[in-house]
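Trainee: My questions will all concern the structure given below.
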Amino acid sequence: NNLIKIPVVIVEILLGALAINSGIIIESNSVKEVAQIGFLFLMFLAGMEVDLKSFKAMGKNFLKQVTMYFFILYSITFLFISLFDLPAIYIVALPIMSLGMIMILIQDYGKQYDWLNLCLKIGIIGELISVLMLVLLNGYYSFGIGIELYKSLGILIAFLITMVILFQVFSIIFWWFPDLRLLLMPDSSKSNQDIRYSMMLFFIMVVIVSLLHIELALGAFLSGLIISNYFKYKKELHHKLNEFGFGFLIPLFFVYIGTTLDFNLIFTDKSIVLHALQICVIMIAIRLIAAGLVFNSYFKTIKSVFLFALSDAMPLTFLIAMATLGLNIGALQKEQYYSFVLSAMLEAVLFMIIIKIILHFTEDSKKET
């Protein structure tokens, strides 16, 4: 029965949690480093899902809607933390987005649903904003409002502007010299030159952002974006990299995520679980409000709005990254850290199951026309 089949990613997370808490495995830096590569590869595959021309086709009206969506999202968040006197880090945490779980949904369901296609587009922009907010967060708590904060932000903005310029330059070069693409990545090659070139680009971009002290996920994402938009004729490349990623590296990352949970600490303090549930409710609520106000003309049913909000409210990777950063810089207490990690896990598990149930029992949730 398709309904009772738990999504594979959930099984991987739960296996990691059970293994670490039962003593089958112990913490290891080697496992953490391999898991980090799995996460970066997931971001690389996310970049490969992006077609920049599809953004241009959406037009200015769509960009205005996206801008309004994020404005409402952050405005509601700011209002909420002001009313309840929460730490400033919640401004970053509650609207944070990541393409990780969206990629899992696309892997499971394809691109036949309008709400999932929109979620991917919003997620791409949201992840870039989230990277920017993480840089601001790190700079604010580490250096305060001053020259170091402006320096970190300036490096990020300068890097993004440089990438935009390079994209334009190489678009012109490849237009004038189309055979250059085939030189870099032949249409067919027995030596798997396409995979070799892709991996080379992946590691080069990750190293560059590392040297600039920018979030590594941004480099991985941009390398996938380059492959997707300059080498579209390599249809089988996407399939080969997906098989490698989801068959080996990415499962290791999700298993590692499960190992970050300490059952003894979490379940002996009920306030941690309660706060985690509150975070889940708030994150889905602010997205429901923002999506309902901005994209009401895009969606034809309340159900699609709800599915979009659920998909958008599973920033598993970046929420844990934010919580880890918050703990390291003193912006979060240990109990708050565990609440955020647990909420990230709960969102991944509960929201994925809810989406699966809704899609199973409704036949009219296919792509709306």
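Ligands are numbered from 1 in the order shown, residues from 1 within each chain, and chains are lettered A, B, ... in the order they appear in the structure tokens.
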Using DSSP assignments from the backbone, pull out every residue in region 56-256 of chain A that falls under alpha helix (DSSP H) and give it to me as a ChimeraX atom specification.
Mentor: /A:56-83,89-93,100-109,114-143,147-176,179-184,193-211,216-230,235-244,250-256
Trainee: Keeping C-alpha atoms, export the residues of the selection given above as a compact mmCIF listing (two decimals), in the first residue's frame.
Mentor:
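In the end it all went to result-v1.txt:
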# COMPACT_ATOMS: atom_id res chain seq x y z
CA LYS A 56 12.70 35.13 -17.21
CA ALA A 57 9.56 33.63 -18.69
CA MET A 58 7.65 34.24 -15.45
CA GLY A 59 7.87 37.99 -16.06
CA LYS A 60 8.02 41.02 -13.82
CA ASN A 61 4.66 40.30 -12.24
CA PHE A 62 5.95 37.02 -10.80
CA LEU A 63 9.05 38.74 -9.40
CA LYS A 64 6.80 41.32 -7.75
CA GLN A 65 4.75 38.52 -6.18
CA VAL A 66 7.91 36.80 -4.93
CA THR A 67 9.17 40.06 -3.43
CA MET A 68 5.84 40.59 -1.72
CA TYR A 69 5.84 37.00 -0.43
CA PHE A 70 9.20 37.45 1.31
CA PHE A 71 8.27 40.91 2.56
CA ILE A 72 5.13 39.54 4.23
CA LEU A 73 7.01 36.48 5.52
CA TYR A 74 9.70 38.52 7.28
CA SER A 75 7.24 41.21 8.42
CA ILE A 76 5.05 38.65 10.18
CA THR A 77 8.14 37.07 11.72
CA PHE A 78 9.42 40.43 12.99
CA LEU A 79 6.00 41.24 14.44
CA PHE A 80 5.83 37.86 16.15
CA ILE A 81 9.24 38.01 17.82
CA SER A 82 8.57 41.60 18.90
CA LEU A 83 5.32 40.60 20.60
CA ILE A 89 18.08 34.95 15.75
CA TYR A 90 14.42 33.97 15.32
CA ILE A 91 14.16 36.55 12.52
CA VAL A 92 16.55 34.32 10.58
CA ALA A 93 15.25 30.97 11.82
CA GLY A 100 17.08 19.90 0.48
CA MET A 101 13.61 18.51 1.24
CA ILE A 102 12.11 20.17 -1.84
CA MET A 103 14.58 18.13 -3.87
CA ILE A 104 13.41 14.98 -2.08
CA LEU A 105 9.80 15.84 -2.99
CA ILE A 106 10.76 16.36 -6.64
CA GLN A 107 12.64 13.08 -6.56
CA ASP A 108 9.51 11.33 -5.23
CA TYR A 109 6.76 13.12 -7.19
CA ASP A 114 2.14 23.46 -9.82
CA TRP A 115 2.55 23.97 -6.07
CA LEU A 116 5.82 22.00 -6.13
CA ASN A 117 7.15 23.87 -9.17
CA LEU A 118 6.41 27.17 -7.45
CA CYS A 119 7.98 25.88 -4.24
CA LEU A 120 11.18 25.10 -6.14
CA LYS A 121 11.34 28.63 -7.59
CA ILE A 122 10.57 30.23 -4.22
CA GLY A 123 13.05 27.89 -2.55
CA ILE A 124 15.87 28.93 -4.87
CA ILE A 125 15.41 32.61 -4.04
CA GLY A 126 14.67 31.77 -0.40
CA GLU A 127 17.89 29.82 -0.04
CA LEU A 128 19.92 32.74 -1.39
CA ILE A 129 18.18 35.05 1.09
CA SER A 130 18.80 32.52 3.86
CA VAL A 131 22.52 32.45 3.05
CA LEU A 132 22.56 36.24 3.22
CA MET A 133 20.74 36.18 6.58
CA LEU A 134 23.16 33.57 7.98
CA VAL A 135 26.08 35.81 6.99
CA LEU A 136 24.40 38.77 8.71
CA LEU A 137 23.61 36.65 11.77
CA ASN A 138 27.18 35.42 12.10
CA GLY A 139 28.59 38.91 11.62
CA TYR A 140 26.12 40.55 14.04
CA TYR A 141 26.74 38.15 16.93
CA SER A 142 30.48 37.79 16.25
CA PHE A 143 31.43 41.42 15.58
CA ILE A 147 33.25 47.10 9.84
CA GLU A 148 33.59 43.30 10.09
CA LEU A 149 29.87 42.80 9.51
CA TYR A 150 29.92 45.12 6.51
CA LYS A 151 33.01 43.33 5.22
CA SER A 152 31.33 39.88 5.38
CA LEU A 153 28.22 41.21 3.68
CA GLY A 154 30.25 43.05 1.07
CA ILE A 155 32.21 39.91 0.16
CA LEU A 156 28.98 37.96 -0.34
CA ILE A 157 27.37 40.68 -2.48
CA ALA A 158 30.56 41.15 -4.52
CA PHE A 159 30.75 37.40 -5.12
CA LEU A 160 27.12 37.22 -6.30
CA ILE A 161 27.58 40.23 -8.61
CA THR A 162 30.74 38.64 -10.03
CA MET A 163 28.87 35.39 -10.70
CA VAL A 164 26.09 37.26 -12.51
CA ILE A 165 28.65 39.04 -14.69
CA LEU A 166 30.47 35.76 -15.44
CA PHE A 167 27.18 34.11 -16.38
CA GLN A 168 26.55 36.87 -18.91
CA VAL A 169 30.12 36.73 -20.27
CA PHE A 170 30.10 32.96 -20.77
CA SER A 171 26.65 33.10 -22.34
CA ILE A 172 28.11 35.40 -25.00
CA ILE A 173 31.24 33.24 -25.41
CA PHE A 174 29.22 30.04 -25.84
CA TRP A 175 26.89 31.82 -28.26
CA TRP A 176 29.82 32.84 -30.48
CA ASP A 179 31.70 24.04 -30.14
CA LEU A 180 33.47 25.12 -26.95
CA ARG A 181 30.75 23.42 -24.92
CA LEU A 182 31.42 20.13 -26.69
CA LEU A 183 35.12 20.52 -26.01
CA LEU A 184 34.43 20.83 -22.28
CA GLN A 193 34.24 13.27 -19.18
CA ASP A 194 30.89 14.87 -18.33
CA ILE A 195 30.97 13.45 -14.79
CA ARG A 196 34.64 14.36 -14.37
CA TYR A 197 34.01 17.94 -15.49
CA SER A 198 30.93 18.23 -13.25
CA MET A 199 32.85 17.02 -10.19
CA MET A 200 35.76 19.32 -10.98
CA LEU A 201 33.41 22.31 -11.19
CA PHE A 202 31.63 21.22 -8.00
CA PHE A 203 34.85 21.12 -5.96
CA ILE A 204 36.27 24.30 -7.51
CA MET A 205 33.17 26.31 -6.57
CA VAL A 206 33.10 24.87 -3.04
CA VAL A 207 36.78 25.74 -2.55
CA ILE A 208 36.24 29.30 -3.83
CA VAL A 209 33.38 30.05 -1.43
CA SER A 210 35.33 28.38 1.38
CA LEU A 211 38.28 30.72 0.80
CA LEU A 216 29.62 26.27 1.18
CA ALA A 217 26.12 25.32 0.01
CA LEU A 218 26.06 28.43 -2.18
CA GLY A 219 29.10 27.27 -4.13
CA ALA A 220 27.68 23.78 -4.58
CA PHE A 221 24.34 25.21 -5.72
CA LEU A 222 25.97 27.56 -8.25
CA SER A 223 28.06 24.74 -9.75
CA GLY A 224 24.86 22.78 -10.41
CA LEU A 225 23.28 25.91 -11.88
CA ILE A 226 26.17 26.26 -14.33
CA ILE A 227 25.83 22.65 -15.49
CA SER A 228 22.06 22.98 -15.85
CA ASN A 229 22.10 26.14 -17.95
CA TYR A 230 25.19 25.71 -20.14
CA LYS A 235 20.22 14.83 -20.56
CA GLU A 236 21.72 11.58 -19.25
CA LEU A 237 24.18 13.45 -16.99
CA HIS A 238 21.42 14.60 -14.66
CA HIS A 239 20.19 11.02 -14.36
CA LYS A 240 23.66 9.61 -13.64
CA LEU A 241 24.45 12.21 -10.99
CA ASN A 242 21.03 11.72 -9.38
CA GLU A 243 21.62 7.98 -9.12
CA PHE A 244 25.02 8.52 -7.54
CA ILE A 250 22.81 12.00 0.21
CA PRO A 251 21.51 9.07 2.35
CA LEU A 252 24.69 9.37 4.45
CA PHE A 253 23.82 12.99 5.14
CA PHE A 254 20.31 12.20 6.34
CA VAL A 255 21.56 9.33 8.50
CA TYR A 256 24.01 11.76 10.07
Trainee: Extract, using only C-alpha atoms, all DNA, RNA and protein residues at most 9 Å from Leu327 (chain A), discarding same-chain residues fewer than 5 positions from it, and format them as a CSV table (one decimal) with C-alpha atoms, in the first residue's frame.
Mentor:
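part_38.csv, freshly written:
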chain,number,residue,atom,x,y,z
A,322,MET,CA,21.4,27.9,11.7
A,332,LEU,CA,21.0,30.1,21.4
A,333,GLN,CA,21.0,28.2,24.6
A,334,LYS,CA,21.5,24.4,24.4
A,336,GLN,CA,16.8,26.1,22.2
A,337,TYR,CA,19.4,24.4,20.0
Trainee: Using only C-alpha atoms, pick whichever of A:Lys232, A:Ala313, A:Met48, A:Ser28 has the shortest atom-to-atom distance to Leu346 (chain A).
Mentor: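 With only C-alpha atoms as the atom set, the closest residue is A:Ala313.
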Trainee: Just checking: using only C-alpha atoms, which residue out of A:Ile353, A:Ala88, A:Val294, A:Ala344 ends up closest to His275 (chain A)?
Mentor: A:Ala344
Trainee: Quick one: residues within 9 Å of Ile37 (chain A), only C-alpha atoms, excluding same-chain residues fewer than 3 positions away - as a PyMOL selection string?
Mentor: chain A and resi 32-34+40-42+249-250+253
Trainee: Take CA of Ser297 (chain A) and CA of Thr362 (chain A) and report the distance between them in Å, one decimal.
Mentor: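 CA of Thr362 (chain A) lies at a distance of 21.1 Å from CA of Ser297 (chain A).
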Trainee: Can you tell me, as a PyMOL selection string, what residues are no more than 9 Å from Phe306 (chain A) when counting only C-alpha atoms, ignoring any on the same chain fewer than 2 positions away?
Mentor: chain A and resi 284+287-288+291-292+301-304+308-311
Trainee: Take the residues just selected and output them with N, CA and C atoms as a PDB file, in the first residue's frame.
Mentor:
ATOM      1  N   ILE A 284       4.822  26.935   9.682  1.00  0.00           N
ATOM      2  CA  ILE A 284       3.798  26.622   8.679  1.00  0.00           C
ATOM      3  C   ILE A 284       2.762  27.740   8.616  1.00  0.00           C
ATOM      4  N   ARG A 287       3.872  30.886   6.592  1.00  0.00           N
ATOM      5  CA  ARG A 287       3.912  30.587   5.160  1.00  0.00           C
ATOM      6  C   ARG A 287       2.505  30.467   4.583  1.00  0.00           C
ATOM      7  N   LEU A 288       1.590  29.923   5.357  1.00  0.00           N
ATOM      8  CA  LEU A 288       0.200  29.855   4.912  1.00  0.00           C
ATOM      9  C   LEU A 288      -0.367  31.255   4.701  1.00  0.00           C
ATOM     10  N   ALA A 291       1.565  32.936   1.627  1.00  0.00           N
ATOM     11  CA  ALA A 291       1.187  32.313   0.351  1.00  0.00           C
ATOM     12  C   ALA A 291      -0.269  32.590   0.011  1.00  0.00           C
ATOM     13  N   GLY A 292      -1.134  32.550   1.024  1.00  0.00           N
ATOM     14  CA  GLY A 292      -2.547  32.806   0.804  1.00  0.00           C
ATOM     15  C   GLY A 292      -2.817  34.225   0.323  1.00  0.00           C
ATOM     16  N   THR A 301      -7.037  26.074  -5.454  1.00  0.00           N
ATOM     17  CA  THR A 301      -7.633  25.407  -4.293  1.00  0.00           C
ATOM     18  C   THR A 301      -6.841  25.731  -3.034  1.00  0.00           C
ATOM     19  N   ILE A 302      -7.530  25.697  -1.897  1.00  0.00           N
ATOM     20  CA  ILE A 302      -6.880  25.888  -0.606  1.00  0.00           C
ATOM     21  C   ILE A 302      -5.866  24.778  -0.366  1.00  0.00           C
ATOM     22  N   LYS A 303      -6.206  23.598  -0.871  1.00  0.00           N
ATOM     23  CA  LYS A 303      -5.327  22.447  -0.700  1.00  0.00           C
ATOM     24  C   LYS A 303      -3.944  22.703  -1.298  1.00  0.00           C
ATOM     25  N   SER A 304      -3.894  23.331  -2.473  1.00  0.00           N
ATOM     26  CA  SER A 304      -2.613  23.623  -3.122  1.00  0.00           C
ATOM     27  C   SER A 304      -1.801  24.623  -2.314  1.00  0.00           C
ATOM     28  N   PHE A 308       1.798  23.769  -0.733  1.00  0.00           N
ATOM     29  CA  PHE A 308       2.927  24.663  -0.956  1.00  0.00           C
ATOM     30  C   PHE A 308       3.564  25.070   0.368  1.00  0.00           C
ATOM     31  N   ALA A 309       2.728  25.466   1.336  1.00  0.00           N
ATOM     32  CA  ALA A 309       3.239  25.903   2.635  1.00  0.00           C
ATOM     33  C   ALA A 309       3.971  24.772   3.351  1.00  0.00           C
ATOM     34  N   LEU A 310       3.423  23.560   3.271  1.00  0.00           N
ATOM     35  CA  LEU A 310       4.084  22.401   3.884  1.00  0.00           C
ATOM     36  C   LEU A 310       5.452  22.156   3.251  1.00  0.00           C
ATOM     37  N   SER A 311       5.508  22.213   1.926  1.00  0.00           N
ATOM     38  CA  SER A 311       6.765  21.956   1.214  1.00  0.00           C
ATOM     39  C   SER A 311       7.802  23.028   1.499  1.00  0.00           C
TER      40      SER A 311
END
Trainee: Please determine, counting only C-alpha atoms, which residue among A:Glu335, A:Met43, A:Pro87, A:Ile354 has the shortest atom-to-atom distance to Leu274 (chain A).
Mentor: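 For Leu274 (chain A), the nearest of the candidates is A:Glu335.
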Trainee: Tell me, in Å to one decimal, how far CA of Thr324 (chain A) is from CA of Ser343 (chain A).
Mentor: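 CA of Ser343 (chain A) lies 13.5 Å from CA of Thr324 (chain A).
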Trainee: By how many Å are CA of Ala323 (chain A) and CA of Met97 (chain A) apart?
Mentor: 13.3 Å
